[in-house]
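Asks: This one is protein-v8.cif, mmCIF, C-alpha atoms and all ligand atoms.
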data_target
#
loop_
_atom_site.label_atom_id
_atom_site.label_comp_id
_atom_site.auth_asym_id
_atom_site.auth_seq_id
_atom_site.Cartn_x
_atom_site.Cartn_y
_atom_site.Cartn_z
CA MET Y 1 -107.18 60.71 -5.62
CA ALA Y 2 -103.73 59.87 -6.95
CA VAL Y 3 -103.94 56.13 -7.60
CA ASP Y 4 -106.58 54.33 -9.63
CA LEU Y 5 -106.66 50.55 -10.00
CA LEU Y 6 -107.44 48.45 -13.01
CA LEU Y 7 -108.33 44.81 -12.33
CA GLY Y 8 -109.73 41.77 -14.09
CA LEU Y 9 -112.89 40.48 -12.43
CA GLN Y 10 -113.11 36.97 -13.87
CA TRP Y 11 -110.49 34.27 -14.54
CA GLY Y 12 -108.13 36.60 -16.40
CA ASP Y 13 -107.88 37.49 -20.08
CA GLU Y 14 -110.59 40.14 -19.71
CA GLY Y 15 -108.72 42.59 -21.93
CA LYS Y 16 -106.89 44.68 -19.33
CA GLY Y 17 -103.98 45.42 -21.67
CA LYS Y 18 -106.24 47.18 -24.15
CA ILE Y 19 -107.94 49.27 -21.47
CA VAL Y 20 -104.69 50.33 -19.78
CA ASP Y 21 -103.51 51.35 -23.21
CA VAL Y 22 -106.68 53.39 -23.79
CA LEU Y 23 -106.51 55.02 -20.33
CA THR Y 24 -102.75 55.66 -20.23
CA LYS Y 25 -103.03 59.18 -21.58
CA ASN Y 26 -104.78 60.17 -18.31
CA TYR Y 27 -101.87 59.03 -16.07
CA ASP Y 28 -98.26 59.96 -15.41
CA ILE Y 29 -97.27 56.48 -14.21
CA ILE Y 30 -98.48 52.96 -14.96
CA ALA Y 31 -97.46 50.45 -12.29
CA ARG Y 32 -97.83 46.69 -12.46
CA PHE Y 33 -98.34 45.19 -9.00
CA GLN Y 34 -98.43 41.38 -9.11
CA GLY Y 35 -98.06 38.26 -11.21
CA GLY Y 36 -95.36 37.62 -13.74
CA PRO Y 37 -94.94 36.30 -17.27
CA ASN Y 38 -97.92 34.00 -16.75
CA ALA Y 39 -99.87 37.05 -17.92
CA GLY Y 40 -100.24 38.02 -21.55
CA HIS Y 41 -101.60 41.48 -22.25
CA THR Y 42 -102.49 41.88 -25.89
CA LEU Y 43 -102.61 45.32 -27.49
CA ILE Y 44 -103.55 45.98 -31.08
CA PHE Y 45 -102.90 49.31 -32.78
CA ASP Y 46 -101.48 50.69 -36.04
CA GLY Y 47 -102.00 47.25 -37.58
CA TYR Y 48 -99.67 45.44 -35.11
CA LYS Y 49 -100.43 42.98 -32.35
CA HIS Y 50 -98.20 43.40 -29.30
CA VAL Y 51 -98.18 40.93 -26.40
CA LEU Y 52 -96.68 42.05 -23.10
CA HIS Y 53 -96.04 39.65 -20.23
CA THR Y 54 -94.31 41.64 -17.50
CA ILE Y 55 -93.90 45.16 -18.85
CA PRO Y 56 -96.79 47.54 -18.06
CA SER Y 57 -99.05 48.34 -20.98
CA GLY Y 58 -98.24 52.07 -20.79
CA ILE Y 59 -94.89 51.45 -22.48
CA PHE Y 60 -96.31 52.28 -25.91
CA HIS Y 61 -97.13 55.83 -24.90
CA LYS Y 62 -94.53 58.60 -25.11
CA THR Y 63 -95.06 60.26 -21.77
CA ALA Y 64 -96.01 57.64 -19.18
CA LEU Y 65 -93.44 56.15 -16.84
CA ASN Y 66 -93.83 52.40 -16.29
CA VAL Y 67 -93.02 50.71 -13.00
CA VAL Y 68 -92.68 46.97 -12.40
CA GLY Y 69 -93.63 46.82 -8.73
CA ASN Y 70 -92.31 44.77 -5.81
CA GLY Y 71 -95.26 42.38 -6.02
CA VAL Y 72 -94.27 41.21 -9.52
CA VAL Y 73 -92.04 38.21 -10.24
CA ILE Y 74 -89.65 38.69 -13.16
CA ASP Y 75 -88.15 36.04 -15.42
CA PRO Y 76 -85.07 37.75 -16.92
CA VAL Y 77 -85.18 35.38 -19.92
CA ILE Y 78 -88.74 36.31 -20.88
CA PHE Y 79 -88.18 39.94 -19.93
CA LYS Y 80 -85.25 40.14 -22.36
CA LYS Y 81 -87.47 38.80 -25.16
CA GLU Y 82 -90.13 41.40 -24.34
CA LEU Y 83 -87.54 44.17 -24.51
CA GLU Y 84 -86.21 42.83 -27.82
CA ASN Y 85 -89.73 42.95 -29.23
CA LEU Y 86 -89.96 46.59 -28.19
CA ASP Y 87 -86.60 47.19 -29.88
CA LYS Y 88 -88.03 45.77 -33.12
CA HIS Y 89 -90.73 48.43 -33.05
CA ALA Y 90 -88.23 51.15 -32.06
CA ILE Y 91 -90.04 51.73 -28.75
CA ASP Y 92 -87.65 53.59 -26.43
CA TYR Y 93 -88.00 52.13 -22.95
CA THR Y 94 -84.66 52.94 -21.32
CA SER Y 95 -85.80 56.13 -19.63
CA LYS Y 96 -89.37 55.11 -18.88
CA LEU Y 97 -89.22 51.56 -17.56
CA LEU Y 98 -88.33 51.31 -13.87
CA ILE Y 99 -87.94 48.09 -11.92
CA SER Y 100 -88.53 47.63 -8.20
CA ARG Y 101 -85.50 46.35 -6.31
CA LYS Y 102 -87.92 44.30 -4.22
CA ALA Y 103 -89.42 42.37 -7.16
CA HIS Y 104 -88.48 38.69 -7.01
CA LEU Y 105 -86.62 36.83 -9.75
CA ILE Y 106 -87.80 33.65 -11.44
CA LEU Y 107 -84.82 31.29 -11.72
CA PRO Y 108 -84.62 28.56 -14.40
CA THR Y 109 -85.04 25.97 -11.63
CA HIS Y 110 -88.30 27.63 -10.53
CA ARG Y 111 -89.66 26.73 -13.95
CA LEU Y 112 -88.42 23.16 -13.57
CA LEU Y 113 -90.03 22.88 -10.14
CA ASP Y 114 -93.31 24.19 -11.59
CA ALA Y 115 -93.21 21.50 -14.27
CA ALA Y 116 -92.32 18.77 -11.76
CA SER Y 117 -95.08 19.83 -9.36
CA GLU Y 118 -97.72 19.93 -12.12
CA THR Y 119 -96.65 16.58 -13.58
CA SER Y 120 -96.73 14.95 -10.15
CA LYS Y 121 -100.32 16.15 -9.61
CA GLY Y 122 -101.58 14.09 -12.58
CA LYS Y 123 -105.30 14.70 -13.15
CA ALA Y 124 -105.44 17.18 -10.26
CA LYS Y 125 -103.06 19.58 -12.02
CA ILE Y 126 -103.74 23.33 -11.75
CA GLY Y 127 -103.22 23.96 -15.45
CA SER Y 128 -100.34 26.31 -14.63
CA THR Y 129 -98.71 28.30 -17.41
CA LEU Y 130 -95.48 26.62 -16.18
CA LYS Y 131 -93.62 29.92 -15.98
CA GLY Y 132 -92.33 29.18 -12.48
CA ILE Y 133 -94.80 31.50 -10.78
CA GLY Y 134 -95.85 29.21 -7.89
CA PRO Y 135 -92.32 28.14 -6.88
CA THR Y 136 -91.05 31.74 -7.05
CA TYR Y 137 -93.80 33.05 -4.77
CA MET Y 138 -93.17 30.06 -2.49
CA ASP Y 139 -89.53 31.13 -2.17
CA LYS Y 140 -90.69 34.70 -1.53
CA THR Y 141 -92.99 33.75 1.35
CA GLY Y 142 -90.51 31.09 2.49
CA ARG Y 143 -87.91 33.90 2.74
CA ASN Y 144 -85.49 32.24 0.36
CA GLY Y 145 -86.07 34.25 -2.80
CA MET Y 146 -83.72 36.32 -4.93
CA ARG Y 147 -84.70 39.88 -5.62
CA VAL Y 148 -83.78 42.36 -8.32
CA GLY Y 149 -81.86 44.41 -5.73
CA ASP Y 150 -79.58 41.41 -5.11
CA LEU Y 151 -78.20 41.89 -8.61
CA GLU Y 152 -76.49 45.09 -7.42
CA LEU Y 153 -74.48 43.06 -4.89
CA ASP Y 154 -71.15 41.47 -5.75
CA ASN Y 155 -72.19 38.08 -4.41
CA TRP Y 156 -75.45 37.66 -6.33
CA LYS Y 157 -74.12 34.65 -8.23
CA GLU Y 158 -73.35 32.85 -4.95
CA LYS Y 159 -76.92 33.43 -3.84
CA TYR Y 160 -78.14 32.17 -7.18
CA ASP Y 161 -75.94 29.05 -6.99
CA SER Y 162 -77.05 28.14 -3.49
CA LEU Y 163 -80.76 28.57 -4.33
CA THR Y 164 -80.33 26.57 -7.53
CA GLU Y 165 -78.60 23.80 -5.63
CA LYS Y 166 -81.48 23.66 -3.18
CA HIS Y 167 -83.97 23.52 -6.07
CA LEU Y 168 -82.10 20.63 -7.68
CA LYS Y 169 -82.40 18.67 -4.44
CA MET Y 170 -86.10 19.51 -4.28
CA LEU Y 171 -86.56 18.30 -7.86
CA ASN Y 172 -85.46 14.86 -6.71
CA PHE Y 173 -88.40 14.68 -4.32
CA PHE Y 174 -90.82 14.68 -7.26
CA GLU Y 175 -90.91 11.26 -8.76
CA VAL Y 176 -91.18 12.57 -12.31
CA ASP Y 177 -88.79 12.70 -15.20
CA ILE Y 178 -88.04 16.31 -16.18
CA GLN Y 179 -85.36 16.67 -18.85
CA PHE Y 180 -83.17 19.77 -18.80
CA ASP Y 181 -79.74 21.13 -19.59
CA LEU Y 182 -78.86 23.36 -16.65
CA LYS Y 183 -75.82 24.90 -18.36
CA GLU Y 184 -77.93 26.04 -21.28
CA LEU Y 185 -80.67 27.37 -18.99
CA GLU Y 186 -78.11 29.26 -16.91
CA ALA Y 187 -76.45 30.80 -19.96
CA GLU Y 188 -79.84 32.14 -21.08
CA PHE Y 189 -80.55 33.39 -17.56
CA ILE Y 190 -77.24 35.29 -17.33
CA LYS Y 191 -77.94 36.97 -20.69
CA GLY Y 192 -81.34 37.96 -19.33
CA ILE Y 193 -79.77 39.38 -16.18
CA ASP Y 194 -77.29 41.40 -18.25
CA LYS Y 195 -80.16 42.93 -20.21
CA LEU Y 196 -82.20 43.57 -17.06
CA LYS Y 197 -79.22 45.39 -15.54
CA THR Y 198 -79.31 47.96 -18.34
CA LEU Y 199 -82.58 49.25 -16.83
CA GLN Y 200 -83.04 51.47 -13.79
CA PHE Y 201 -83.66 49.69 -10.49
CA ILE Y 202 -85.59 51.78 -7.98
CA ASP Y 203 -87.02 51.71 -4.46
CA SER Y 204 -90.45 51.70 -6.04
CA GLU Y 205 -92.52 52.36 -2.90
CA GLU Y 206 -90.42 55.49 -2.26
CA PHE Y 207 -90.64 56.53 -5.89
CA LEU Y 208 -94.42 56.08 -6.08
CA ASN Y 209 -95.18 57.80 -2.79
CA SER Y 210 -92.97 60.78 -3.74
CA ALA Y 211 -94.80 60.93 -7.08
CA ILE Y 212 -98.12 61.02 -5.21
CA LYS Y 213 -96.86 63.92 -3.06
CA GLU Y 214 -95.85 65.78 -6.23
CA GLY Y 215 -99.42 65.45 -7.53
CA LYS Y 216 -98.67 62.81 -10.18
CA THR Y 217 -101.37 60.35 -11.19
CA ILE Y 218 -100.83 56.59 -11.12
CA LEU Y 219 -102.72 53.70 -12.69
CA ALA Y 220 -102.02 50.39 -10.93
CA GLU Y 221 -102.32 47.57 -13.45
CA GLY Y 222 -103.34 44.11 -12.29
CA ALA Y 223 -102.75 40.81 -14.04
CA GLN Y 224 -104.90 37.63 -14.13
CA GLY Y 225 -108.35 38.02 -12.54
CA SER Y 226 -110.11 38.08 -9.17
CA LEU Y 227 -111.22 34.45 -9.41
CA LEU Y 228 -107.53 33.46 -9.68
CA ASP Y 229 -106.64 35.36 -6.47
CA ILE Y 230 -104.67 33.19 -4.03
CA ASP Y 231 -107.11 34.00 -1.20
CA PHE Y 232 -110.42 34.74 -2.90
CA GLY Y 233 -110.19 32.71 -6.10
CA THR Y 234 -111.27 29.14 -6.81
CA TYR Y 235 -108.48 27.64 -4.69
CA PRO Y 236 -106.39 25.59 -5.39
CA PHE Y 237 -107.01 26.37 -9.07
CA VAL Y 238 -105.60 29.87 -8.74
CA THR Y 239 -102.38 31.74 -9.27
CA SER Y 240 -99.97 32.52 -6.42
CA SER Y 241 -100.53 36.25 -5.89
CA ASN Y 242 -103.30 38.58 -4.73
CA THR Y 243 -104.89 39.71 -7.94
CA THR Y 244 -107.54 41.73 -6.09
CA ALA Y 245 -107.43 45.40 -5.00
CA ALA Y 246 -105.51 44.73 -1.78
CA GLY Y 247 -102.68 43.28 -3.90
CA ALA Y 248 -102.10 46.75 -5.34
CA CYS Y 249 -101.32 48.09 -1.85
CA THR Y 250 -98.87 45.32 -0.96
CA GLY Y 251 -97.52 45.02 -4.50
CA LEU Y 252 -96.62 48.70 -4.77
CA GLY Y 253 -96.41 50.01 -1.22
CA ILE Y 254 -99.39 52.31 -1.66
CA ALA Y 255 -101.73 52.91 1.29
CA PRO Y 256 -105.45 52.07 0.85
CA ASN Y 257 -106.48 55.69 1.45
CA ARG Y 258 -104.54 56.75 -1.67
CA ILE Y 259 -106.81 54.72 -3.92
CA GLY Y 260 -109.49 56.46 -5.94
CA GLU Y 261 -111.29 54.71 -8.76
CA VAL Y 262 -111.27 50.93 -9.03
CA PHE Y 263 -111.88 49.98 -12.66
CA GLY Y 264 -113.20 46.44 -12.99
CA ILE Y 265 -112.86 44.76 -16.38
CA PHE Y 266 -115.07 41.86 -17.40
CA LYS Y 267 -115.97 40.06 -20.60
CA ALA Y 268 -119.63 40.10 -21.73
CA TYR Y 269 -119.38 36.31 -21.28
CA THR Y 270 -116.90 34.20 -19.30
CA THR Y 271 -113.70 32.35 -20.15
CA ARG Y 272 -111.16 30.32 -18.23
CA VAL Y 273 -107.87 28.63 -19.11
CA GLY Y 274 -106.43 25.84 -17.03
CA SER Y 275 -108.30 23.55 -14.67
CA GLY Y 276 -110.85 24.31 -12.00
CA PRO Y 277 -114.57 24.86 -11.52
CA PHE Y 278 -116.50 27.05 -13.98
CA PRO Y 279 -120.26 26.85 -13.28
CA THR Y 280 -121.50 28.51 -16.50
CA GLU Y 281 -119.14 26.64 -18.84
CA LEU Y 282 -120.71 25.63 -22.17
CA PHE Y 283 -119.96 22.40 -23.98
CA ASP Y 284 -122.25 23.12 -26.94
CA LYS Y 285 -122.38 25.16 -30.15
CA ASN Y 286 -122.79 28.41 -28.19
CA GLY Y 287 -119.49 27.82 -26.37
CA GLU Y 288 -117.78 26.94 -29.65
CA THR Y 289 -119.10 30.14 -31.25
CA MET Y 290 -117.78 32.27 -28.38
CA ALA Y 291 -114.38 30.58 -28.69
CA SER Y 292 -114.08 31.00 -32.44
CA VAL Y 293 -115.59 34.49 -32.80
CA GLY Y 294 -113.77 35.71 -29.69
CA HIS Y 295 -110.43 34.10 -30.73
CA GLU Y 296 -110.26 32.56 -27.28
CA PHE Y 297 -106.73 31.22 -27.18
CA GLY Y 298 -104.27 32.06 -24.38
CA ALA Y 299 -101.86 34.92 -25.17
CA THR Y 300 -99.07 33.22 -23.16
CA THR Y 301 -99.60 29.52 -23.83
CA GLY Y 302 -101.82 29.45 -26.94
CA ARG Y 303 -104.14 27.03 -25.10
CA PRO Y 304 -107.84 27.14 -26.08
CA ARG Y 305 -109.94 28.90 -23.44
CA ARG Y 306 -113.06 27.34 -21.96
CA CYS Y 307 -116.11 29.55 -22.64
CA GLY Y 308 -119.49 30.09 -20.97
CA TRP Y 309 -122.28 32.54 -20.14
CA LEU Y 310 -121.75 35.57 -17.96
CA ASP Y 311 -121.80 34.58 -14.28
CA LEU Y 312 -123.26 37.49 -12.33
CA VAL Y 313 -122.95 35.71 -8.99
CA ALA Y 314 -119.19 35.54 -9.51
CA LEU Y 315 -119.04 39.06 -10.97
CA LYS Y 316 -120.87 40.56 -7.99
CA TYR Y 317 -118.46 38.73 -5.66
CA ALA Y 318 -115.50 40.26 -7.50
CA VAL Y 319 -117.09 43.72 -7.47
CA GLN Y 320 -117.51 43.41 -3.71
CA VAL Y 321 -114.03 42.08 -2.88
CA ASN Y 322 -112.40 44.82 -4.98
CA GLY Y 323 -114.70 47.76 -4.23
CA VAL Y 324 -115.16 48.34 -7.95
CA THR Y 325 -116.38 51.87 -8.77
CA GLN Y 326 -116.59 51.62 -12.57
CA LEU Y 327 -117.13 48.62 -14.81
CA MET Y 328 -115.78 48.07 -18.29
CA MET Y 329 -117.39 45.45 -20.48
CA MET Y 330 -115.16 43.80 -23.07
CA LYS Y 331 -115.93 41.81 -26.21
CA GLY Y 332 -119.58 42.88 -26.48
CA ASP Y 333 -119.17 42.35 -30.25
CA VAL Y 334 -118.60 38.59 -29.77
CA LEU Y 335 -122.20 38.14 -28.56
CA SER Y 336 -123.74 39.50 -31.80
CA GLY Y 337 -125.73 36.83 -33.62
CA PHE Y 338 -126.87 34.75 -30.60
CA GLU Y 339 -130.67 34.34 -30.63
CA THR Y 340 -130.85 34.10 -26.84
CA LEU Y 341 -128.29 35.05 -24.22
CA LYS Y 342 -128.19 33.70 -20.69
CA VAL Y 343 -126.84 35.30 -17.54
CA CYS Y 344 -126.36 33.31 -14.34
CA THR Y 345 -128.08 35.17 -11.50
CA ALA Y 346 -128.08 32.48 -8.77
CA TYR Y 347 -126.87 28.96 -8.02
CA HIS Y 348 -128.77 25.89 -6.89
CA TYR Y 349 -126.59 24.75 -4.00
CA LYS Y 350 -127.39 21.99 -1.50
CA GLY Y 351 -131.13 22.15 -2.30
CA LYS Y 352 -131.34 25.93 -2.00
CA GLU Y 353 -131.07 28.87 -4.35
CA ILE Y 354 -128.19 31.11 -3.31
CA LYS Y 355 -126.87 34.39 -4.69
CA HIS Y 356 -123.35 34.35 -3.34
CA LEU Y 357 -120.23 32.38 -4.25
CA PRO Y 358 -120.06 29.40 -1.87
CA TYR Y 359 -116.86 27.75 -0.58
CA ASN Y 360 -117.14 24.97 -3.11
CA ILE Y 361 -118.35 25.68 -6.63
CA GLU Y 362 -117.49 22.29 -8.14
CA PRO Y 363 -120.10 21.14 -10.74
CA GLU Y 364 -121.44 18.48 -8.36
CA ASN Y 365 -122.36 21.21 -5.83
CA VAL Y 366 -123.54 24.07 -7.97
CA THR Y 367 -126.04 24.40 -10.83
CA PRO Y 368 -126.46 27.84 -12.40
CA VAL Y 369 -129.88 29.54 -12.49
CA TYR Y 370 -130.21 31.64 -15.62
CA THR Y 371 -132.09 34.76 -16.71
CA GLU Y 372 -132.57 34.90 -20.48
CA PHE Y 373 -132.13 37.90 -22.78
CA LYS Y 374 -132.97 38.43 -26.44
CA GLY Y 375 -129.85 38.60 -28.60
CA TRP Y 376 -129.04 41.06 -31.37
CA GLU Y 377 -127.83 40.70 -34.94
CA ALA Y 378 -126.03 43.98 -35.55
CA ASP Y 379 -122.26 44.02 -36.08
CA LEU Y 380 -120.95 46.33 -33.34
CA THR Y 381 -117.33 46.53 -34.46
CA SER Y 382 -117.57 49.91 -36.19
CA MET Y 383 -119.90 51.55 -33.67
CA THR Y 384 -118.44 54.50 -31.78
CA ASP Y 385 -121.36 55.85 -29.77
CA LYS Y 386 -123.51 54.23 -27.09
CA GLN Y 387 -126.66 55.46 -28.84
CA GLU Y 388 -125.83 53.25 -31.85
CA LEU Y 389 -125.86 50.04 -29.77
CA PRO Y 390 -128.86 47.72 -30.33
CA GLN Y 391 -131.63 48.01 -27.73
CA ASN Y 392 -131.23 44.38 -26.66
CA LEU Y 393 -127.57 45.01 -25.81
CA LYS Y 394 -128.54 48.17 -23.93
CA ASP Y 395 -131.00 46.04 -21.91
CA TYR Y 396 -128.22 43.51 -21.20
CA ILE Y 397 -125.96 46.35 -20.00
CA THR Y 398 -128.67 47.93 -17.82
CA PHE Y 399 -129.39 44.58 -16.17
CA ILE Y 400 -125.71 44.09 -15.26
CA GLU Y 401 -125.50 47.64 -13.91
CA GLN Y 402 -128.60 47.11 -11.77
CA GLU Y 403 -127.39 43.78 -10.40
CA THR Y 404 -123.85 44.96 -9.61
CA GLU Y 405 -124.91 48.50 -8.63
CA VAL Y 406 -121.92 49.83 -10.57
CA PRO Y 407 -122.05 51.81 -13.86
CA ILE Y 408 -120.54 50.35 -17.03
CA LYS Y 409 -118.33 53.17 -18.32
CA ILE Y 410 -116.70 51.49 -21.30
CA VAL Y 411 -118.08 48.98 -23.78
CA SER Y 412 -115.39 47.47 -25.98
CA VAL Y 413 -116.54 46.31 -29.42
CA GLY Y 414 -113.28 45.03 -30.92
CA PRO Y 415 -109.58 44.57 -30.16
CA ASP Y 416 -108.37 47.88 -31.63
CA ARG Y 417 -107.83 50.99 -29.48
CA LYS Y 418 -110.42 52.75 -31.62
CA GLN Y 419 -113.15 50.15 -30.99
CA THR Y 420 -113.92 51.51 -27.53
CA ILE Y 421 -117.24 53.16 -26.64
CA MET Y 422 -116.89 55.49 -23.66
CA GLN Y 423 -119.92 56.68 -21.71
P1 LIG Y 501 -99.81 29.95 -12.94
O1 LIG Y 501 -100.05 31.28 -12.28
O2 LIG Y 501 -99.07 30.05 -14.23
O3 LIG Y 501 -99.23 28.93 -12.01
O4 LIG Y 501 -101.26 29.34 -13.31
C1 LIG Y 501 -102.25 29.09 -12.34
C2 LIG Y 501 -103.63 29.22 -12.95
O5 LIG Y 501 -103.86 30.56 -13.34
C3 LIG Y 501 -103.83 28.38 -14.21
O6 LIG Y 501 -105.18 27.97 -14.29
C4 LIG Y 501 -103.56 29.37 -15.33
O7 LIG Y 501 -104.18 29.01 -16.53
C5 LIG Y 501 -104.15 30.62 -14.73
N1 LIG Y 501 -103.52 31.84 -15.24
C6 LIG Y 501 -102.32 32.33 -14.92
N2 LIG Y 501 -102.10 33.49 -15.57
C7 LIG Y 501 -103.19 33.72 -16.31
C8 LIG Y 501 -103.57 34.80 -17.19
O8 LIG Y 501 -102.86 35.78 -17.40
N3 LIG Y 501 -104.79 34.67 -17.77
C9 LIG Y 501 -105.61 33.63 -17.51
N4 LIG Y 501 -105.31 32.63 -16.70
C10 LIG Y 501 -104.10 32.67 -16.10
#
How does this structure look as structure tokens?
Ligand code: IMP

Replies:
Amino acid sequence: MAVDLLLGLQWGDEGKGKIVDVLTKNYDIIARFQGGPNAGHTLIFDGYKHVLHTIPSGIFHKTALNVVGNGVVIDPVIFKKELENLDKHAIDYTSKLLISRKAHLILPTHRLLDAASETSKGKAKIGSTLKGIGPTYMDKTGRNGMRVGDLELDNWKEKYDSLTEKHLKMLNFFEVDIQFDLKELEAEFIKGIDKLKTLQFIDSEEFLNSAIKEGKTILAEGAQGSLLDIDFGTYPFVTSSNTTAAGACTGLGIAPNRIGEVFGIFKAYTTRVGSGPFPTELFDKNGETMASVGHEFGATTGRPRRCGWLDLVALKYAVQVNGVTQLMMMKGDVLSGFETLKVCTAYHYKGKEIKHLPYNIEPENVTPVYTEFKGWEADLTSMTDKQELPQNLKDYITFIEQETEVPIKIVSVGPDRKQTIMQ
């Protein structure tokens, strides 16, 4: 099949960037299908750490073409910075980075509205990355948005001005004090647009479907994770796009029957940034160890991530919603040194033990039921073969495979490209 999908199965930050980078050599095209600069895909190779927000992770490879699909929202200001970072490393992107005309643009006032909305929510805030994602998708579904293709029209600035004016009126509805200098923000935005316009804009659904007909292979790259999906995530503490498999069809214009493998990425434990329920969250030494050994700080915001045990109830839910065919377990190395490991296999919910994700997983409704595993001491970071892995880790892997009924094809034992054990 021509199109494979790569998705995060938890609350994001599973390590998708690294895996896309590892898999890129197998594909002609890497296509990002949703989200925006709220994402931060970290790649480490040749001694450098690269963080991408909007640009697909295949950009570091010589041959792959990279498409930013219609389902993505682009902030020209952040996009420009990403391109400038590539310039610093002499990465040539001009011929291999293609932007969908139907992708929506994040305006400076979308960011202001995001900030105003979050501030007005007080304690109930989502924990948004404040990149303007929610307001931009609201304008998309509200049929008011500005798209990349509009930039090819002579009157794009008029459209921009009228949408900005509307946003300024909306800002007044929020009774919060947001300081900004619109002139400065606009000047930055225009510079971003100028840079964006140096790239090729395409009818991406046409481009991708023609590529499929020509026998090309495509990897569709997701951002965030299934539990942040606007429909299936822990609403309202979610992002504003479909992060699950169906989002790849709408975010790229690819029909479901074109999809082959669905690669599901998960961490050997669980993390979350921002607010919202997290049944297996740890508030003890174990959680602190995961955070410090795993360097659990957001790639986009630098915020510390909340950490906890692996939640198999949630993982199985994500496997089901996405139709995952192969699993990839990240950060196995971070669990070395724990005497005992726990995996959540059910929830106590309204006096019963249940094995599915209920409507409401707030802490007052759900208590995790754990199965315990013996830990291992060995440092995994230089291991290259599955046979070298400690038996207790192999048991942990086998248990997850049995519970999810999906094979684990990659075990990642460190951030570098090379620290990847393939089965
Ligand atoms: P927004 O999409 O920036 O509005 O954020 C909504 C929620 O999704 C917040 O809890 C964010 O922390 C979370 N979120 C957004 N993008 C990411 C990501 O790439 N990784 C992890 N969490 C994310």

Asks: Restricting the calculation to all atoms listed in the file, which member of Y:Phe263, Y:Tyr137, Y:Phe173, Y:Tyr359 is positioned closest to ligand LIG 501 (chain Y)?

Replies: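 Result for the nearest residue to ligand LIG 501 (chain Y): Y:Tyr137.
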
Asks: Excluding Y:Pro108 and any residue of its chain fewer than 3 positions from it, enumerate the residues within 10 Å of it, using only C-alpha atoms, and give them as a list in words.

Replies: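 Near neighbours after the sequence-gap exclusion: Asp75, Pro76, Val77, Leu105, Arg111, Leu112, Leu113, Lys131, Gly132, Thr164, His167, Phe180, Leu182, Glu184, Leu185, Glu186, Glu188 and Phe189 of chain Y.
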
Asks: Which residue is closest to ligand LIG 501 (chain Y)? Choose from Y:Gln10, Y:Gln224, Y:Asn66, Y:Thr141 and count all atoms listed in the file.

Replies: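 For ligand LIG 501 (chain Y), the nearest of the given residues is Y:Gln224.
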
Asks: Using all atoms listed in the file, which residue out of Y:Gly253, Y:Gly233, Y:Gly414, Y:Gly40 lies closest to ligand LIG 501 (chain Y)?

Replies: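 Checking each of Y:Gly253, Y:Gly233, Y:Gly414, Y:Gly40 against ligand LIG 501 (chain Y), counting all atoms listed in the file, the winner is Y:Gly40.
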
Asks: With all atoms listed in the file as the basis for distance, which of Y:Trp156, Y:Trp376, Y:Tyr27, Y:Phe297 is at the shortest distance from Y:Leu335?

Replies: Y:Trp376

Asks: Near Y:Lys352, within 12 Å and counting all atoms listed in the file, which residues show up once chain neighbours fewer than 4 positions away are dropped, as a count of residues only?

Replies: 10

Asks: Near Y:Phe237, counting all atoms listed in the file, which residues have an atom at most 6 Å away, once you skip same-chain residues fewer than 2 positions from it, shown as an NGL selection string?

Replies: :Y and (126 or 234-235 or 276)

Asks: Could you write out the selected residues, including C-alpha atoms, as an mmCIF file, in the coordinates of the input?

Replies:
data_model
loop_
_atom_site.group_PDB
_atom_site.id
_atom_site.type_symbol
_atom_site.label_atom_id
_atom_site.label_comp_id
_atom_site.auth_asym_id
_atom_site.auth_seq_id
_atom_site.Cartn_x
_atom_site.Cartn_y
_atom_site.Cartn_z
ATOM 1 C CA ILE Y 126 -103.740 23.330 -11.750
ATOM 2 C CA THR Y 234 -111.270 29.140 -6.810
ATOM 3 C CA TYR Y 235 -108.480 27.640 -4.690
ATOM 4 C CA GLY Y 276 -110.850 24.310 -12.000
#
